[in-house]
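Asker: Handing you this structure, nothing more for now.
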Amino acid sequence: MWDTDIPEILHTYILFMPKPYNPSLVEPKWQKRWEEAKLYEVDLSKAKKPFYNMVMFPYPSGDKLHVGHWYNFAPADSYGRFMRMKGHQVFEPMGFDAFGLPAENYAIKTGVPPAQSIAKNVETMIEQLKRIGCMYDWSRMVNTSQPEYYRWTQWLFLKMYEHGLAYKKLASVNFCPSCQTVLANEQAQDGRCERCGTEVVQKQLNQWFWNTRKYAQRLLDGLEGLDWPEKTKIMQRNWIGKKEGIDITYSIKNTNDSIVCFTTRPDTNFGATFIVIAPEHPFAQKIAEGAVASPHHREVKSYLEMARKKTELERQAEGMKKTGANTGYVAVNNLNGQEMPIWVSDFVLAGFGTGAVVGVPGHDLRDFQFAKAFTLPIRRVVVGPDGDTSNIEREEQVQEEAGIMIHSEFLDGLSILDAKEKIKDYLEKKGWGKRVVSYRLRDWLVSRQRYWGAPIPIVYDPEGKPHPIPEKHLPWLLPTDVEFKPTGESPLKHSKEFIKRTEKLFGKGWTPEFDTMDTFVCSSFYYLRYLRDLSPGTFDSSHRSQVTGLIDPHIEKTWMPVSMYIGGPEHACMHLIYARFVMMALHDLGYVKHQEPFQKLVHQGLITNQGAKMSKSKGNVVSPDSFVERDGSDVFRMYLMFMGPFTDGGDWSDTGIKGISRFVQRMAKFMGEKVNTNTKSEQNKALLQGLNRSIKSVTESLETLHFNTAISALMQMLNLLEEQGSVDSDSAKTVVKLLAPLAPHLAEELWEQLGGEGFVVDQHWPAYDPALIASDTVTYAVQVNGKLRGTVDMPADAVKEEVVEAARKQENVAKYLVGEVKKEIFVAGKLVGFVV
RNA sequence: GCCGGGGUGGCGGAAUUGGUAGACGCGCACGACUCAAAAUCGUGUACCCACAAGGUGUGAGGGUUCGAUUCCCUCCCUCGGCACCA
């Protein structure tokens with residue numbers, strides 16, 4: 001930035017050179033005053049126009065706040081300030097999603113207990129957050145790793161269990177053989193361990209699940225009434241993956257067994273030539289175990305073994321290549337007596353539908369590939385709408401939209417859509433099939449074989465039967481006498497205190513559940529705990545007193561759902577589904593009135609650096625600190641907002657921050673030197689018009705979260721003010737109000753200088769007068785044959801004839817008006833067009 | 001492969017019930033101030049063209065229209081999500 005031969009002392013001087021407006025003095029001053037006045041603490045019980053303004057709470061990492069935090073939090077706060085000035089009681093909470101892997105990994109590396117490192121991180125993070133200057137009500141902070149919080153995480157588990165929404169079953173987990181630890185799905189991306197890169201294997205363990213599938217339809221239906229990005233709704237719809245189809249039962253020849261196949265395309269069933277079952281399918285297991293004799297026993301057995309051992313990585317490497325084994329059995333298609341060999345293949349997923357599919361290679365790409373791999377017959381039963389009878393060897397024969405049935409007896413000639421309904425009716429009438437709805441959404445696996453999480457409030461009697469821990473024993477404290485070095489087992493197993501505690505309370509031979517809960521459980525209800533009852537005596541230091549409920553029903557009724565929720569789109573199919581599910585369950589259990597937690601949702605864009613996502617491992621994380629130190633919080637936050645549309649994000653570059661810094665200095669200078677004692681009536685027309693236009697423009701921009709255009713409108717206003725040379729005090733105050741949501745510190749300072757009463761953030765948002773926006777004269781564009789040939793200034797009230805007349809007289813226009821004018825176009829206030 | 005977003009000056013971006021494309025800012029150029037620089041202020045800045053006039057121009061090609069960044073069709077590129085979901 002500077003020539004290298006400038007001495008160091010001069011650098012420092014330039015950096016701290018006195019400026020008309022010095023944020024390093026002004027910003028702390030106002031932050032202190034806001035805090036002293038408890039300006040942002042909201043009495044929840046007294047709100048008439050509540051506005052619950054929330055951002056996704058951060059993880060308290062040991063690193064400093066990064067640009068991404070600022071880009072999320074600062075604009076969200078600007079919106080909250082705007083809503084406050086519009087007359088709402090804005091509640092803006094902040095908290096910490098404090099359980100989770102990074103702290104545990106840090107503990108494994110250094111031996112520092114997570115509780116310790118997290119407490120320290122939270123403390124420093126609060127200090128950093130305060131420097132942004134947001135309207136956070138710190139009196140209502142939450143920290144999910146504290147007993148008074150996770151008490152409710154455990155309470156939630158108990159309620160789920162009590163109402164049959166939590167159950168335990170055998171399931172496979174990701175396991176890293178090198179680290180000797182279970183991995184969360186996020187840690188096992190692309191089939192490799194996040195920490196050491198070893199290939200992840202699957203391990204069978206007894207796991208707790210929450211029954212999200214039960215809510216699949218309601219999760220789908222509820223989306224309709226939400227003010228959410230359409231993109232996010234689509235992602236959730238796809239994730240839930242509702243499919244209407246039919247379960248068809250096929251009897252297996254020479255056995256008493258049958259196989260049920262789920263299909264959405266029963267119309268093509270006359271083209272079925274084989275059946276494929278998943279390796280985990282009971283019939284496949286039977287063969288492997290020898291419970292059912294098969295000439296292919298050995299092949300099936302070794303195939304199942306191979307499929308089980310296959311790592312996710314190998315699976316992906318395989319791509320669409322089909323493998324499988326013939327069971328030697330055949331199923332019979334009731335429709336036409338066709339015998340269909342039953343195969344086992346891992347392209348069929350055990351977790352979807354019935355874990356068995358009917359192979360129609362003529363009209364399904366995967367079935368086609370399978371048939372090709374094992375030379376099974378391919379039969380066409382649909383032709384394209386244009387009567388296309390394509391080559392049987394061609395792959396692309398998947399007609400999903402339209403097509404005509406052939407070789408299908410009573411379906412022949414029907415469109416696939418009509419045939420689909422007719423065959424379903426037929427199969428149901430015959431008792432061979434049953435219409436079903438299938439969902440892609442799985443039940444939520446909430447067990448984690450990790451230390452740093454909320455312990456699952458379950459104990460086992462000596463027979464191993466689970467029992468819920470009575471509520472009076474909550475919080476069920478996370479033990480501290482644990483070893484952090486991975487041993488391949490849940491760390492809680494090594495706590496003597498934990499086991500002793502359990503036996504003391506429940507009896508000899510009783511054992512606690514050693515798993516903890518997924519951190520997404522903690523974050524699935526935190527919006528309710530922000531609203532918790534803070535009155536004294538509700539929670540004593542022993543954590544054992546009778547605690548008021550999860551949430552006061554009256555507060556929940558007035559404050560929920562969250563009015564505006566801002567956070568990254570990466571949670572579309574995780575946190576944002578879990579939270580909706582939990583809210584619905586709590587509603588059904590009678591604890592809350594609303595069913596949806598977040599009425600309006602907005603995703604901020606992603607800030608990248610040199611095109612890549614900022615990450616510690618890539619070493620491209622940009623720290624806001626030096627910018628904030630030099631230019632102040634207001635400048636930095638406005639710069640982020642000015643970069644482009646809030647929902648777009650963008651690639652980081654500091655080249656333009658100077659422009660915002662100049663704007664702030666100029667604004668402060670102008671307001672400090674050029675405000676006169678005139679009254680409003682003495683203002684000139686141009687100023688009045690500019691002011692009203694600015695109000696309109698800034699208001700509309702903020703309403704739609706277009707912070708970039710709000711700032712540009714303010715810049716235009718300042719340009720106008722400087723052109724005018726001076727301004728009356730009332731108008732100056734209006735400009736400062738417009739500035740307040742975007743540059744809160746600067747606005748308070750200027751408001752004080754101008755002699756404003758109270759805090760600027762408590763002022764009413766200015767209104768504009770539409771009559772003052774219109775100008776006396778309008779510039780008309782004049783086009784000939786659609787091409788611009790000139791402009792003409794006319795009085796605003798000029799009628800068509802006058803404007804056209806004036807336009808014709810324009811020298812440059814007249815030049816082009818040769819020959820007959822066929823048509824005259826007049827758009828009031830905008831344009832005149834001639835067609836010759 | 002499927003679903004969704006997006007392609008506008010040197011750069012970030014503005015403007016869409018179709019009506020003067022490029023607001024605002026950065027950068028750049030020139031000028032003022034200064035011994036000089038920084039900072040600040042002023043002027044200019046889509047491209048072609050010596051100016052004017054004119055022409056070209058919102059990813060590419062086509063269409064509708066007096067007029068298209070905006071509407072329709074075909075294609076290309078790019079970003080995000082899901083991915084053997086029957």
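Lettering and numbering for the structure tokens are positional, with chains as A, B, ... in the shown order, residues counted from 1 in each chain, and ligands counted from 1 in the shown order.
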Based on only C-alpha atoms (C1' of nucleotides), which of the residues in chain B come within 6 Å of chain A? I want them as a list of chain:residue names.
Answerer: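 Therefore, the residues near the partner are B:G12, B:U20, B:C24, B:C26, B:C66, B:G67, B:C84, B:A86.
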Asker: Have a look at atom CA of A:Pro770 and atom CA of A:Ala668 and let me know their distance in Å, one decimal.
Answerer: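 Atom-to-atom, atom CA of A:Pro770 and atom CA of A:Ala668 are spaced 28.4 Å apart.
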Asker: Hey, what's within 9 Å of A:Ser623 if we count only C-alpha atoms (C1' of nucleotides) and toss same-chain stuff fewer than 4 positions away? As a list of chain:residue names, please?
Answerer: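 After dropping sequence-adjacent residues, the list is A:Lys64, A:Leu65, A:His66, A:Val67, A:Phe627.
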Asker: Give me a file of those residues, with C-alpha atoms, as an mmCIF file, in the first residue's frame.
Answerer:
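Result went into again-v7.cif, see below:
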data_model
loop_
_atom_site.group_PDB
_atom_site.id
_atom_site.type_symbol
_atom_site.label_atom_id
_atom_site.label_comp_id
_atom_site.auth_asym_id
_atom_site.auth_seq_id
_atom_site.Cartn_x
_atom_site.Cartn_y
_atom_site.Cartn_z
ATOM 1 C CA LYS A 64 -11.455 -15.117 16.135
ATOM 2 C CA LEU A 65 -14.700 -14.073 14.543
ATOM 3 C CA HIS A 66 -14.234 -14.264 10.822
ATOM 4 C CA VAL A 67 -15.680 -12.362 7.918
ATOM 5 C CA PHE A 627 -10.097 -3.489 9.187
#
Asker: If you run DSSP on this backbone, which residues of stretch 657-746 of chain A come out as helix (DSSP H, G or I), and could you give them as an MDAnalysis selection string?
Answerer: chainID A and resid 657:673 680:682 685:703 707:724 729:739 744:746
Asker: Which polymer residues have any atom within 12 Å of an atom of A:Glu92, counting only C-alpha atoms (C1' of nucleotides), with same-chain residues fewer than 3 positions away left out, as a tab-separated table (two decimals) with N, CA, C and O atoms, in the first residue's frame?
Answerer:
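Contents of part-v4.tsv, as written:
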chain	number	residue	atom	x	y	z
A	39	LEU	N	-30.27	-0.96	26.82
A	39	LEU	CA	-31.11	-0.55	25.70
A	39	LEU	C	-31.70	-1.72	24.92
A	39	LEU	O	-32.77	-1.62	24.36
A	40	TYR	N	-30.97	-2.83	24.92
A	40	TYR	CA	-31.41	-3.93	24.06
A	40	TYR	C	-32.00	-5.10	24.83
A	40	TYR	O	-32.24	-6.17	24.27
A	41	GLU	N	-32.21	-4.88	26.14
A	41	GLU	CA	-32.88	-5.92	26.92
A	41	GLU	C	-34.38	-5.72	26.78
A	41	GLU	O	-34.90	-4.63	26.97
A	42	VAL	N	-35.06	-6.79	26.42
A	42	VAL	CA	-36.47	-6.68	26.10
A	42	VAL	C	-37.31	-7.35	27.19
A	42	VAL	O	-37.01	-8.47	27.60
A	44	LEU	N	-40.09	-9.34	27.66
A	44	LEU	CA	-40.88	-10.15	26.74
A	44	LEU	C	-42.37	-10.11	27.05
A	44	LEU	O	-43.20	-10.23	26.16
A	50	PRO	N	-44.16	-7.54	18.92
A	50	PRO	CA	-42.90	-8.26	19.05
A	50	PRO	C	-42.29	-8.59	17.69
A	50	PRO	O	-43.01	-8.91	16.75
A	51	PHE	N	-41.00	-8.48	17.65
A	51	PHE	CA	-40.27	-8.92	16.45
A	51	PHE	C	-39.07	-9.73	16.92
A	51	PHE	O	-38.14	-9.21	17.52
A	52	TYR	N	-39.14	-11.02	16.63
A	52	TYR	CA	-38.10	-11.96	17.09
A	52	TYR	C	-37.10	-12.11	15.96
A	52	TYR	O	-37.35	-12.75	14.95
A	53	ASN	N	-35.96	-11.46	16.15
A	53	ASN	CA	-34.95	-11.37	15.09
A	53	ASN	C	-33.75	-12.24	15.46
A	53	ASN	O	-33.00	-11.92	16.36
A	54	MET	N	-33.58	-13.33	14.74
A	54	MET	CA	-32.61	-14.32	15.17
A	54	MET	C	-31.63	-14.71	14.06
A	54	MET	O	-32.00	-14.76	12.90
A	55	VAL	N	-30.41	-14.97	14.46
A	55	VAL	CA	-29.43	-15.55	13.54
A	55	VAL	C	-29.07	-16.94	14.05
A	55	VAL	O	-29.27	-17.24	15.22
A	56	MET	N	-28.56	-17.78	13.17
A	56	MET	CA	-28.13	-19.11	13.61
A	56	MET	C	-26.94	-18.92	14.54
A	56	MET	O	-25.96	-18.27	14.18
A	57	PHE	N	-27.05	-19.48	15.76
A	57	PHE	CA	-26.00	-19.23	16.74
A	57	PHE	C	-24.69	-19.91	16.37
A	57	PHE	O	-24.68	-20.96	15.73
A	73	PHE	N	-24.09	-11.67	10.84
A	73	PHE	CA	-24.66	-11.00	12.01
A	73	PHE	C	-24.95	-9.52	11.79
A	73	PHE	O	-25.97	-9.01	12.26
A	74	ALA	N	-24.00	-8.81	11.15
A	74	ALA	CA	-24.16	-7.36	11.05
A	74	ALA	C	-25.38	-6.95	10.23
A	74	ALA	O	-26.19	-6.15	10.69
A	76	ALA	N	-28.02	-8.70	9.64
A	76	ALA	CA	-29.19	-9.15	10.39
A	76	ALA	C	-29.54	-8.12	11.46
A	76	ALA	O	-30.71	-7.82	11.70
A	77	ASP	N	-28.51	-7.59	12.08
A	77	ASP	CA	-28.72	-6.56	13.11
A	77	ASP	C	-29.24	-5.27	12.50
A	77	ASP	O	-30.10	-4.60	13.07
A	78	SER	N	-28.74	-4.92	11.33
A	78	SER	CA	-29.22	-3.71	10.66
A	78	SER	C	-30.71	-3.83	10.38
A	78	SER	O	-31.47	-2.88	10.54
A	79	TYR	N	-31.11	-5.02	9.98
A	79	TYR	CA	-32.53	-5.26	9.74
A	79	TYR	C	-33.32	-5.12	11.05
A	79	TYR	O	-34.39	-4.50	11.08
A	80	GLY	N	-32.78	-5.66	12.12
A	80	GLY	CA	-33.43	-5.55	13.43
A	80	GLY	C	-33.56	-4.11	13.88
A	80	GLY	O	-34.60	-3.70	14.41
A	81	ARG	N	-32.53	-3.33	13.65
A	81	ARG	CA	-32.58	-1.91	14.02
A	81	ARG	C	-33.66	-1.18	13.22
A	81	ARG	O	-34.38	-0.33	13.74
A	83	MET	N	-36.36	-2.52	12.00
A	83	MET	CA	-37.66	-2.93	12.52
A	83	MET	C	-37.96	-2.24	13.85
A	83	MET	O	-39.10	-1.89	14.14
A	84	ARG	N	-36.94	-2.04	14.65
A	84	ARG	CA	-37.13	-1.32	15.91
A	84	ARG	C	-37.60	0.11	15.65
A	84	ARG	O	-38.53	0.59	16.28
A	88	HIS	N	-41.33	-1.75	16.28
A	88	HIS	CA	-41.42	-3.07	16.89
A	88	HIS	C	-40.53	-3.18	18.12
A	88	HIS	O	-39.53	-2.48	18.22
A	89	GLN	N	-40.95	-4.08	19.04
A	89	GLN	CA	-40.03	-4.45	20.11
A	89	GLN	C	-39.18	-5.58	19.55
A	89	GLN	O	-39.68	-6.70	19.38
A	95	GLY	N	-26.31	-16.72	21.27
A	95	GLY	CA	-25.94	-17.86	22.11
A	95	GLY	C	-24.85	-18.69	21.45
A	95	GLY	O	-24.29	-18.28	20.43
A	134	CYS	N	-24.04	-4.99	17.88
A	134	CYS	CA	-25.39	-5.46	17.58
A	134	CYS	C	-26.30	-5.26	18.79
A	134	CYS	O	-25.83	-5.02	19.89
A	135	MET	N	-27.59	-5.40	18.56
A	135	MET	CA	-28.56	-5.19	19.64
A	135	MET	C	-28.80	-6.47	20.45
A	135	MET	O	-29.94	-6.80	20.77
A	136	TYR	N	-27.74	-7.19	20.75
A	136	TYR	CA	-27.95	-8.45	21.46
A	136	TYR	C	-28.38	-8.23	22.90
A	136	TYR	O	-27.81	-7.40	23.61
A	137	ASP	N	-29.36	-9.01	23.30
A	137	ASP	CA	-29.81	-9.01	24.68
A	137	ASP	C	-29.02	-10.10	25.41
A	137	ASP	O	-29.41	-11.26	25.41
A	138	TRP	N	-27.91	-9.69	26.00
A	138	TRP	CA	-27.01	-10.68	26.60
A	138	TRP	C	-27.60	-11.32	27.85
A	138	TRP	O	-27.13	-12.34	28.31
A	139	SER	N	-28.62	-10.72	28.39
A	139	SER	CA	-29.22	-11.31	29.59
A	139	SER	C	-29.90	-12.63	29.25
A	139	SER	O	-30.26	-13.39	30.14
A	140	ARG	N	-30.12	-12.90	27.99
A	140	ARG	CA	-30.82	-14.11	27.59
A	140	ARG	C	-29.95	-15.07	26.77
A	140	ARG	O	-30.46	-15.93	26.06
A	141	MET	N	-28.66	-14.89	26.90
A	141	MET	CA	-27.73	-15.77	26.19
A	141	MET	C	-27.97	-17.24	26.55
A	141	MET	O	-28.35	-17.54	27.68
A	527	TYR	N	-34.29	-21.67	20.16
A	527	TYR	CA	-35.14	-20.49	20.00
A	527	TYR	C	-36.19	-20.41	21.09
A	527	TYR	O	-36.71	-19.33	21.37
A	530	TYR	N	-34.25	-19.16	24.48
A	530	TYR	CA	-33.97	-17.71	24.53
A	530	TYR	C	-35.12	-16.98	25.22
A	530	TYR	O	-34.94	-15.95	25.83
A	531	LEU	N	-36.32	-17.56	25.09
A	531	LEU	CA	-37.52	-16.92	25.62
A	531	LEU	C	-37.83	-17.38	27.04
A	531	LEU	O	-38.90	-17.11	27.57
A	559	TRP	N	-44.44	-14.60	21.19
A	559	TRP	CA	-43.14	-14.39	20.52
A	559	TRP	C	-42.81	-15.38	19.41
A	559	TRP	O	-42.00	-15.08	18.54
A	562	VAL	N	-40.37	-17.42	15.27
A	562	VAL	CA	-39.30	-16.46	15.01
A	562	VAL	C	-39.68	-15.62	13.77
A	562	VAL	O	-40.05	-16.18	12.75
A	563	SER	N	-39.62	-14.30	13.92
A	563	SER	CA	-40.07	-13.42	12.83
A	563	SER	C	-39.11	-13.43	11.65
A	563	SER	O	-39.52	-13.38	10.50
A	564	MET	N	-37.82	-13.44	11.99
A	564	MET	CA	-36.81	-13.44	10.92
A	564	MET	C	-35.64	-14.28	11.39
A	564	MET	O	-35.08	-14.03	12.45
A	565	TYR	N	-35.33	-15.30	10.61
A	565	TYR	CA	-34.23	-16.20	10.96
A	565	TYR	C	-33.22	-16.15	9.84
A	565	TYR	O	-33.55	-16.41	8.68
A	566	ILE	N	-31.99	-15.77	10.18
A	566	ILE	CA	-30.98	-15.61	9.14
A	566	ILE	C	-29.79	-16.53	9.42
A	566	ILE	O	-29.26	-16.56	10.53
Asker: Considering only C-alpha atoms (C1' of nucleotides), return as a PyMOL selection string whatever protein or nucleic-acid residues lie within 12 Å of A:Thr153, sequence-local ones (same chain, fewer than 5 positions apart) excluded.
Answerer: chain A and resi 99+143-148+158-160+446+453-457+471+474-477+516-526+528-529+550+582
Asker: Grab the residues selected above and save them as an mmCIF file, in the first residue's frame with N, CA and C atoms.
Answerer:
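part12.cif was written with the following content:
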data_model
loop_
_atom_site.group_PDB
_atom_site.id
_atom_site.type_symbol
_atom_site.label_atom_id
_atom_site.label_comp_id
_atom_site.auth_asym_id
_atom_site.auth_seq_id
_atom_site.Cartn_x
_atom_site.Cartn_y
_atom_site.Cartn_z
ATOM 1 N N PHE A 99 -21.674 -27.657 22.328
ATOM 2 C CA PHE A 99 -21.246 -29.052 22.287
ATOM 3 C C PHE A 99 -20.730 -29.364 20.884
ATOM 4 N N ASN A 143 -26.021 -21.223 26.290
ATOM 5 C CA ASN A 143 -24.827 -21.996 25.996
ATOM 6 C C ASN A 143 -25.247 -23.451 26.158
ATOM 7 N N THR A 144 -25.307 -24.159 25.039
ATOM 8 C CA THR A 144 -25.917 -25.502 25.048
ATOM 9 C C THR A 144 -25.145 -26.505 25.897
ATOM 10 N N SER A 145 -23.905 -26.179 26.254
ATOM 11 C CA SER A 145 -23.108 -27.154 27.000
ATOM 12 C C SER A 145 -23.245 -26.980 28.508
ATOM 13 N N GLN A 146 -24.020 -25.987 28.933
ATOM 14 C CA GLN A 146 -24.193 -25.796 30.368
ATOM 15 C C GLN A 146 -25.372 -26.616 30.880
ATOM 16 N N PRO A 147 -25.226 -27.132 32.108
ATOM 17 C CA PRO A 147 -26.271 -28.014 32.658
ATOM 18 C C PRO A 147 -27.656 -27.402 32.610
ATOM 19 N N GLU A 148 -27.766 -26.084 32.878
ATOM 20 C CA GLU A 148 -29.109 -25.503 32.866
ATOM 21 C C GLU A 148 -29.685 -25.466 31.462
ATOM 22 N N LEU A 158 -36.567 -37.296 27.030
ATOM 23 C CA LEU A 158 -37.519 -38.044 27.856
ATOM 24 C C LEU A 158 -38.936 -37.949 27.296
ATOM 25 N N LYS A 159 -39.303 -36.757 26.850
ATOM 26 C CA LYS A 159 -40.648 -36.581 26.292
ATOM 27 C C LYS A 159 -40.813 -37.386 25.004
ATOM 28 N N MET A 160 -39.780 -37.406 24.214
ATOM 29 C CA MET A 160 -39.820 -38.177 22.973
ATOM 30 C C MET A 160 -39.982 -39.660 23.304
ATOM 31 N N VAL A 446 -29.854 -40.152 16.768
ATOM 32 C CA VAL A 446 -29.388 -39.114 17.692
ATOM 33 C C VAL A 446 -28.225 -39.561 18.593
ATOM 34 N N GLY A 453 -21.080 -33.932 24.628
ATOM 35 C CA GLY A 453 -22.471 -33.765 24.226
ATOM 36 C C GLY A 453 -23.353 -33.992 25.438
ATOM 37 N N ALA A 454 -24.658 -33.810 25.234
ATOM 38 C CA ALA A 454 -25.584 -34.025 26.345
ATOM 39 C C ALA A 454 -25.782 -35.526 26.535
ATOM 40 N N PRO A 455 -25.528 -36.055 27.756
ATOM 41 C CA PRO A 455 -25.727 -37.487 27.972
ATOM 42 C C PRO A 455 -27.191 -37.865 27.743
ATOM 43 N N ILE A 456 -27.403 -39.016 27.131
ATOM 44 C CA ILE A 456 -28.768 -39.490 26.901
ATOM 45 C C ILE A 456 -29.336 -39.952 28.247
ATOM 46 N N PRO A 457 -30.488 -39.439 28.672
ATOM 47 C CA PRO A 457 -31.007 -39.688 30.018
ATOM 48 C C PRO A 457 -31.698 -41.040 30.135
ATOM 49 N N GLU A 471 -37.394 -37.192 35.729
ATOM 50 C CA GLU A 471 -37.110 -35.774 35.506
ATOM 51 C C GLU A 471 -36.420 -35.087 36.676
ATOM 52 N N LEU A 474 -32.720 -34.598 36.568
ATOM 53 C CA LEU A 474 -32.105 -33.756 35.543
ATOM 54 C C LEU A 474 -31.577 -32.484 36.186
ATOM 55 N N PRO A 475 -30.527 -31.900 35.708
ATOM 56 C CA PRO A 475 -29.712 -32.410 34.597
ATOM 57 C C PRO A 475 -28.918 -33.651 34.983
ATOM 58 N N TRP A 476 -28.875 -34.565 34.079
ATOM 59 C CA TRP A 476 -28.058 -35.769 34.225
ATOM 60 C C TRP A 476 -26.669 -35.369 33.755
ATOM 61 N N LEU A 477 -25.834 -35.021 34.778
ATOM 62 C CA LEU A 477 -24.581 -34.322 34.463
ATOM 63 C C LEU A 477 -23.576 -35.155 33.668
ATOM 64 N N THR A 516 -23.867 -39.947 23.937
ATOM 65 C CA THR A 516 -24.394 -38.588 24.090
ATOM 66 C C THR A 516 -25.263 -38.274 22.874
ATOM 67 N N MET A 517 -25.900 -37.115 22.929
ATOM 68 C CA MET A 517 -26.803 -36.778 21.831
ATOM 69 C C MET A 517 -26.118 -35.930 20.755
ATOM 70 N N ASP A 518 -26.568 -36.140 19.555
ATOM 71 C CA ASP A 518 -26.188 -35.317 18.406
ATOM 72 C C ASP A 518 -26.371 -33.837 18.779
ATOM 73 N N THR A 519 -25.417 -32.998 18.384
ATOM 74 C CA THR A 519 -25.545 -31.572 18.728
ATOM 75 C C THR A 519 -26.746 -30.925 18.030
ATOM 76 N N PHE A 520 -27.217 -31.556 16.968
ATOM 77 C CA PHE A 520 -28.403 -30.985 16.315
ATOM 78 C C PHE A 520 -29.636 -31.063 17.204
ATOM 79 N N VAL A 521 -29.591 -31.941 18.212
ATOM 80 C CA VAL A 521 -30.684 -31.964 19.179
ATOM 81 C C VAL A 521 -30.651 -30.667 19.996
ATOM 82 N N CYS A 522 -29.459 -30.281 20.427
ATOM 83 C CA CYS A 522 -29.298 -29.049 21.215
ATOM 84 C C CYS A 522 -29.842 -27.846 20.453
ATOM 85 N N SER A 523 -29.556 -27.795 19.160
ATOM 86 C CA SER A 523 -29.933 -26.615 18.380
ATOM 87 C C SER A 523 -31.355 -26.705 17.838
ATOM 88 N N SER A 524 -32.056 -27.790 18.165
ATOM 89 C CA SER A 524 -33.392 -27.945 17.593
ATOM 90 C C SER A 524 -34.458 -27.178 18.370
ATOM 91 N N PHE A 525 -34.084 -26.629 19.527
ATOM 92 C CA PHE A 525 -35.098 -25.926 20.319
ATOM 93 C C PHE A 525 -34.556 -24.678 21.005
ATOM 94 N N TYR A 526 -33.360 -24.223 20.637
ATOM 95 C CA TYR A 526 -32.751 -23.107 21.368
ATOM 96 C C TYR A 526 -33.543 -21.812 21.262
ATOM 97 N N LEU A 528 -36.543 -21.544 21.703
ATOM 98 C CA LEU A 528 -37.506 -21.524 22.814
ATOM 99 C C LEU A 528 -36.816 -21.134 24.122
ATOM 100 N N ARG A 529 -35.578 -21.563 24.280
ATOM 101 C CA ARG A 529 -34.875 -21.271 25.527
ATOM 102 C C ARG A 529 -34.416 -19.817 25.619
ATOM 103 N N LEU A 550 -40.216 -25.671 30.123
ATOM 104 C CA LEU A 550 -39.345 -25.368 28.994
ATOM 105 C C LEU A 550 -39.545 -23.922 28.564
ATOM 106 N N VAL A 582 -38.993 -31.027 15.839
ATOM 107 C CA VAL A 582 -39.087 -30.908 17.295
ATOM 108 C C VAL A 582 -40.225 -29.967 17.685
#
Asker: Fewer than 5 positions away in the same chain doesn't count, so skip those; otherwise give me all residues within 8 Å of A:Asp443, counting only C-alpha atoms (C1' of nucleotides), as a PyMOL selection string.
Answerer: chain A and resi 209-213
Asker: Quick one: residues within 10 Å of B:A46, only C-alpha atoms (C1' of nucleotides) counted, chain neighbours fewer than 6 positions away excluded, as JSON, numbers by chain?
Answerer: {"B": [9, 21, 22, 57]}
Asker: Kindly export the residues of the current selection with C-alpha atoms (C1' of nucleotides), as an mmCIF file, in the first residue's frame.
Answerer:
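In the end it all went to selection-v3.cif:
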data_model
loop_
_atom_site.group_PDB
_atom_site.id
_atom_site.type_symbol
_atom_site.label_atom_id
_atom_site.label_comp_id
_atom_site.auth_asym_id
_atom_site.auth_seq_id
_atom_site.Cartn_x
_atom_site.Cartn_y
_atom_site.Cartn_z
ATOM 1 C "C1'" G B 9 -17.829 -1.844 -18.214
ATOM 2 C "C1'" A B 21 -28.593 0.093 -19.880
ATOM 3 C "C1'" G B 22 -24.335 0.895 -16.661
ATOM 4 C "C1'" G B 57 -23.198 -3.445 -26.681
#
Asker: Mind giving me the straight-line distance from atom CA of A:Pro177 to atom CA of A:Ala288 in Å, one decimal?
Answerer: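 According to the coordinates, atom CA of A:Pro177 and atom CA of A:Ala288 are separated by 26.8 Å.
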Asker: Going by DSSP on the backbone, which bits of stretch 51-189 of chain A are strand (DSSP E or B)? Write them as a list in words, please.
Answerer: Phe51, Tyr52, Asn53, Met54, Val55, Gln89, Val90, Phe91, Gly95, Phe96, Val142, Asn143, Ala166, Tyr167, Lys168, Lys169, Leu170, Ala171, Ser172, Val173, Asn174, Phe175, Cys176, Thr181, Val182 and Leu183 of chain A
Asker: Expressed in Å to a single decimal, how great is the separation between atom CA of A:Lys434 and atom CA of A:Ile246?
Answerer: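 Those two atoms sit 5.4 Å apart.
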Asker: Closest to B:C41 among A:Met340, A:Glu722, A:Met560, A:Thr480, using only C-alpha atoms (C1' of nucleotides)?
Answerer: A:Glu722
Asker: Between B:C72, B:A36, B:G7, B:U16, which residue has the minimum interatomic distance to B:G59, considering only C-alpha atoms (C1' of nucleotides)?
Answerer: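 Checking each candidate against B:G59, we get B:G7 as the closest.
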Asker: Counting only C-alpha atoms (C1' of nucleotides), which of A:Gly605, A:Asp728, A:His297, A:Glu703 gets nearest to B:G80?
Answerer: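 Under the stated criterion, the closest residue is A:Gly605.
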Asker: Check the smallest atom-to-atom distance from each of A:Ala293, A:Val675, A:Val813, A:Ile416 to A:Val381 using only C-alpha atoms, then report the winner.
Answerer: A:Ile416
